[in-house]
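Down below is the structure, laid out as structure tokens.
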Amino acid sequence: MKKTLSIIALSVIGFGMVSCKKENKETAAGTETAVTPADSAAITAPVPMGDSASAAPVAEQTAATANASKQPLTTVALSESNFDFGKIKKGEKVQHVYEITNTGSSPLIISEVKPGCGCTVPDFTKEPIMPGKKGKITLHFDSTNFDGNVSKFADVFANVEKMPIKLTFTANIQP
């Protein structure tokens with residue numbers, strides 16, 4: 001029984017890593033499903049039979065949400081939430097900076113930025129962003145394993161009411 005659970009857990013983990021290698025037509029067309037706070041009950045449901053390997057991502061997301069929600073809420077404005085890199089050569093590594101402005105009265109604290117795929121690496125302002133001030137979220141994308149049109153996202157966890165904030169980008173990968 002434990003051997004079967006181990007195989008299933010490794011398969012799920014392996015599938016998650018492979019899913020980043022090839023882009024299917026639906027994802028390329030931008031039909032990824034967003035997880036909303038209302039869906040979080042389904043995400044945080046207990047994992048049967050103590051399968052801790054598959055529970056780890058759920059625990060990380062729950063921790064990020066909890067850390068952000070412990071702070072007083074504030075409001076934000078983004079310079080943009082979607083960016084198009086246009087045509088880029090396969091294997092090229094590109095990045096884009098999203099500017100976030102704290103429009104509320106409490107300090108903005110970004111607790112985590114979680115990309116939807118291992119091909120995207122985030123970097124963000126770690127210190128509190130005071131009211132009226134700006135912070136940055138940079139998404140670095142490696143196009144090595146992609147061809148054609150791609151659409152990617154990252155979820156930003158912060159002390160705002162509607163969390164996570166979804167940042168997206170698209171690119172057309174040329175050979």
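Following the order of the structure tokens, first chain is A, next is B, and so on, with residues numbered from 1 inside each chain and ligands from 1 in the order they appear.
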
**Message:** DSSP on the backbone: which residues in region 133-165 of chain A end up as strand (DSSP E)? Give the answer as number ranges by chain.
**Reply:** A: 134-142, 148-158, 165

Dump all heavy atoms for the selected residues as a short mmCIF file (atom, residue, chain, number, x, y, z; two decimals), in the first residue's frame?
data_model
loop_
_atom_site.label_atom_id
_atom_site.label_comp_id
_atom_site.auth_asym_id
_atom_site.auth_seq_id
_atom_site.Cartn_x
_atom_site.Cartn_y
_atom_site.Cartn_z
N LYS A 134 5.73 52.77 -4.15
CA LYS A 134 5.68 51.71 -5.16
C LYS A 134 6.68 50.61 -4.84
O LYS A 134 7.73 50.86 -4.27
CB LYS A 134 6.00 52.28 -6.54
CG LYS A 134 4.97 53.27 -7.01
CD LYS A 134 5.30 53.82 -8.37
CE LYS A 134 4.22 54.85 -8.75
NZ LYS A 134 4.29 55.24 -10.13
N GLY A 135 6.31 49.40 -5.24
CA GLY A 135 7.19 48.25 -5.15
C GLY A 135 7.25 47.59 -6.51
O GLY A 135 6.57 48.02 -7.46
N LYS A 136 8.08 46.55 -6.62
CA LYS A 136 8.24 45.88 -7.91
C LYS A 136 8.12 44.37 -7.76
O LYS A 136 8.57 43.80 -6.77
CB LYS A 136 9.61 46.21 -8.51
CG LYS A 136 9.77 47.67 -8.86
CD LYS A 136 11.13 47.97 -9.44
CE LYS A 136 11.23 49.46 -9.75
NZ LYS A 136 12.53 49.82 -10.28
N ILE A 137 7.54 43.77 -8.77
CA ILE A 137 7.49 42.32 -8.89
C ILE A 137 8.05 42.01 -10.28
O ILE A 137 7.51 42.45 -11.29
CB ILE A 137 6.06 41.78 -8.77
CG1 ILE A 137 5.46 42.19 -7.42
CG2 ILE A 137 6.04 40.26 -8.95
CD1 ILE A 137 3.96 41.99 -7.33
N THR A 138 9.15 41.27 -10.31
CA THR A 138 9.79 40.92 -11.57
C THR A 138 9.58 39.44 -11.83
O THR A 138 9.81 38.61 -10.95
CB THR A 138 11.30 41.22 -11.52
OG1 THR A 138 11.49 42.59 -11.17
CG2 THR A 138 11.96 40.95 -12.87
N LEU A 139 9.12 39.10 -13.03
CA LEU A 139 8.98 37.71 -13.44
C LEU A 139 10.03 37.43 -14.51
O LEU A 139 10.07 38.10 -15.54
CB LEU A 139 7.57 37.42 -13.97
CG LEU A 139 6.43 37.62 -12.97
CD1 LEU A 139 5.08 37.29 -13.63
CD2 LEU A 139 6.64 36.78 -11.72
N HIS A 140 10.88 36.43 -14.27
CA HIS A 140 11.93 36.00 -15.19
C HIS A 140 11.42 34.72 -15.87
O HIS A 140 11.06 33.76 -15.19
CB HIS A 140 13.22 35.68 -14.43
CG HIS A 140 13.70 36.81 -13.57
ND1 HIS A 140 14.61 37.73 -14.03
CD2 HIS A 140 13.40 37.18 -12.30
CE1 HIS A 140 14.86 38.62 -13.06
NE2 HIS A 140 14.14 38.30 -12.01
N PHE A 141 11.43 34.70 -17.21
CA PHE A 141 10.90 33.56 -17.97
C PHE A 141 11.98 32.95 -18.84
O PHE A 141 12.68 33.67 -19.58
CB PHE A 141 9.72 34.03 -18.84
CG PHE A 141 9.21 33.00 -19.80
CD1 PHE A 141 8.66 31.81 -19.34
CD2 PHE A 141 9.27 33.21 -21.17
CE1 PHE A 141 8.18 30.86 -20.24
CE2 PHE A 141 8.79 32.27 -22.06
CZ PHE A 141 8.25 31.09 -21.59
N ASP A 142 12.12 31.63 -18.78
CA ASP A 142 13.07 30.87 -19.60
C ASP A 142 12.26 30.13 -20.67
O ASP A 142 11.49 29.23 -20.38
CB ASP A 142 13.84 29.88 -18.73
CG ASP A 142 14.88 29.08 -19.51
OD1 ASP A 142 14.93 29.19 -20.75
OD2 ASP A 142 15.63 28.33 -18.86
N GLY A 148 5.97 28.28 -30.01
CA GLY A 148 4.69 28.93 -30.33
C GLY A 148 4.21 29.84 -29.22
O GLY A 148 4.99 30.36 -28.42
N ASN A 149 2.90 30.03 -29.16
CA ASN A 149 2.28 30.94 -28.20
C ASN A 149 2.21 30.30 -26.82
O ASN A 149 1.78 29.15 -26.69
CB ASN A 149 0.88 31.34 -28.64
CG ASN A 149 0.91 32.21 -29.87
OD1 ASN A 149 1.74 33.10 -29.98
ND2 ASN A 149 0.00 31.97 -30.80
N VAL A 150 2.64 31.03 -25.80
CA VAL A 150 2.53 30.57 -24.42
C VAL A 150 1.89 31.66 -23.57
O VAL A 150 2.00 32.85 -23.88
CB VAL A 150 3.90 30.17 -23.80
CG1 VAL A 150 4.50 28.99 -24.52
CG2 VAL A 150 4.86 31.33 -23.78
N SER A 151 1.24 31.23 -22.52
CA SER A 151 0.63 32.13 -21.56
C SER A 151 0.97 31.60 -20.17
O SER A 151 0.71 30.43 -19.87
CB SER A 151 -0.89 32.16 -21.76
OG SER A 151 -1.49 33.00 -20.82
N LYS A 152 1.56 32.42 -19.33
CA LYS A 152 1.99 32.02 -17.99
C LYS A 152 1.47 33.01 -16.97
O LYS A 152 1.06 34.12 -17.29
CB LYS A 152 3.53 31.97 -17.91
CG LYS A 152 4.14 30.95 -18.85
CD LYS A 152 3.79 29.55 -18.41
CE LYS A 152 4.31 28.50 -19.35
NZ LYS A 152 3.82 27.18 -19.00
N PHE A 153 1.49 32.57 -15.69
CA PHE A 153 1.00 33.44 -14.62
C PHE A 153 1.81 33.26 -13.35
O PHE A 153 2.56 32.30 -13.20
CB PHE A 153 -0.48 33.14 -14.33
CG PHE A 153 -0.70 31.83 -13.61
CD1 PHE A 153 -0.78 31.77 -12.24
CD2 PHE A 153 -0.82 30.65 -14.33
CE1 PHE A 153 -0.96 30.57 -11.59
CE2 PHE A 153 -1.01 29.45 -13.68
CZ PHE A 153 -1.08 29.40 -12.30
N ALA A 154 1.61 34.19 -12.43
CA ALA A 154 2.16 34.09 -11.07
C ALA A 154 1.11 34.70 -10.14
O ALA A 154 0.46 35.69 -10.47
CB ALA A 154 3.48 34.84 -10.95
N ASP A 155 0.95 34.06 -8.98
CA ASP A 155 0.02 34.54 -7.96
C ASP A 155 0.78 35.32 -6.90
O ASP A 155 1.79 34.83 -6.37
CB ASP A 155 -0.73 33.38 -7.31
CG ASP A 155 -1.76 32.76 -8.24
OD1 ASP A 155 -2.29 33.48 -9.12
OD2 ASP A 155 -2.06 31.56 -8.09
N VAL A 156 0.30 36.52 -6.59
CA VAL A 156 0.93 37.38 -5.60
C VAL A 156 0.08 37.33 -4.33
O VAL A 156 -1.11 37.64 -4.35
CB VAL A 156 1.03 38.83 -6.11
CG1 VAL A 156 1.67 39.73 -5.05
CG2 VAL A 156 1.79 38.89 -7.43
N PHE A 157 0.73 36.94 -3.21
CA PHE A 157 0.05 36.88 -1.93
C PHE A 157 0.50 38.08 -1.10
O PHE A 157 1.69 38.28 -0.87
CB PHE A 157 0.39 35.57 -1.20
CG PHE A 157 -0.17 34.37 -1.91
CD1 PHE A 157 0.58 33.72 -2.88
CD2 PHE A 157 -1.44 33.91 -1.63
CE1 PHE A 157 0.06 32.62 -3.55
CE2 PHE A 157 -1.97 32.82 -2.30
CZ PHE A 157 -1.21 32.17 -3.26
N ALA A 158 -0.48 38.89 -0.71
CA ALA A 158 -0.20 40.12 0.04
C ALA A 158 -1.39 40.41 0.95
O ALA A 158 -2.43 39.74 0.86
CB ALA A 158 0.05 41.28 -0.92
N ILE A 165 -3.38 38.08 -6.11
CA ILE A 165 -3.37 38.97 -7.27
C ILE A 165 -2.69 38.17 -8.38
O ILE A 165 -1.61 37.62 -8.18
CB ILE A 165 -2.55 40.25 -6.97
CG1 ILE A 165 -3.15 41.00 -5.78
CG2 ILE A 165 -2.45 41.13 -8.21
CD1 ILE A 165 -2.23 42.07 -5.20
#

**Asked** Any idea what's packed within 8 Å of Val76 (chain A), counting only C-alpha atoms, ignoring anything in its chain fewer than 4 positions away? Could you give it as a PyMOL selection string?
**Response** chain A and resi 100-104+160

Residues from the last selection, N, CA, C and O atoms, saved as a compact mmCIF listing (two decimals), in the first residue's frame:
# COMPACT_ATOMS: atom_id res chain seq x y z
N ILE A 100 3.78 47.87 -8.54
CA ILE A 100 2.61 47.81 -7.67
C ILE A 100 2.65 49.00 -6.72
O ILE A 100 3.69 49.28 -6.11
N THR A 101 1.54 49.73 -6.64
CA THR A 101 1.46 50.93 -5.80
C THR A 101 0.51 50.67 -4.65
O THR A 101 -0.59 50.16 -4.85
N ASN A 102 0.93 51.00 -3.45
CA ASN A 102 0.07 50.87 -2.27
C ASN A 102 -0.85 52.08 -2.24
O ASN A 102 -0.42 53.19 -1.97
N THR A 103 -2.13 51.86 -2.53
CA THR A 103 -3.12 52.95 -2.55
C THR A 103 -3.92 53.02 -1.26
O THR A 103 -4.82 53.84 -1.13
N GLY A 104 -3.61 52.15 -0.29
CA GLY A 104 -4.34 52.12 0.97
C GLY A 104 -3.66 52.91 2.06
O GLY A 104 -2.75 53.72 1.80
N VAL A 160 -4.06 42.09 1.00
CA VAL A 160 -5.15 42.75 0.27
C VAL A 160 -6.38 41.85 0.36
O VAL A 160 -6.27 40.65 0.59

**Atom-to-atom span, CA of Ala171 (chain A) and CA of Gly86 (chain A), Å** =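 One can read the CA of Ala171 (chain A) to CA of Gly86 (chain A) distance as 5.1 Å.
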
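Note that CA of Asp123 (chain A) and CA of Thr170 (chain A) are 18.2 Å apart.
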
**Item:** Coordinates-based distance that separates CA of Ile129 (chain A) from CA of Glu161 (chain A) (Å, one decimal)
**Value:** 16.3 Å
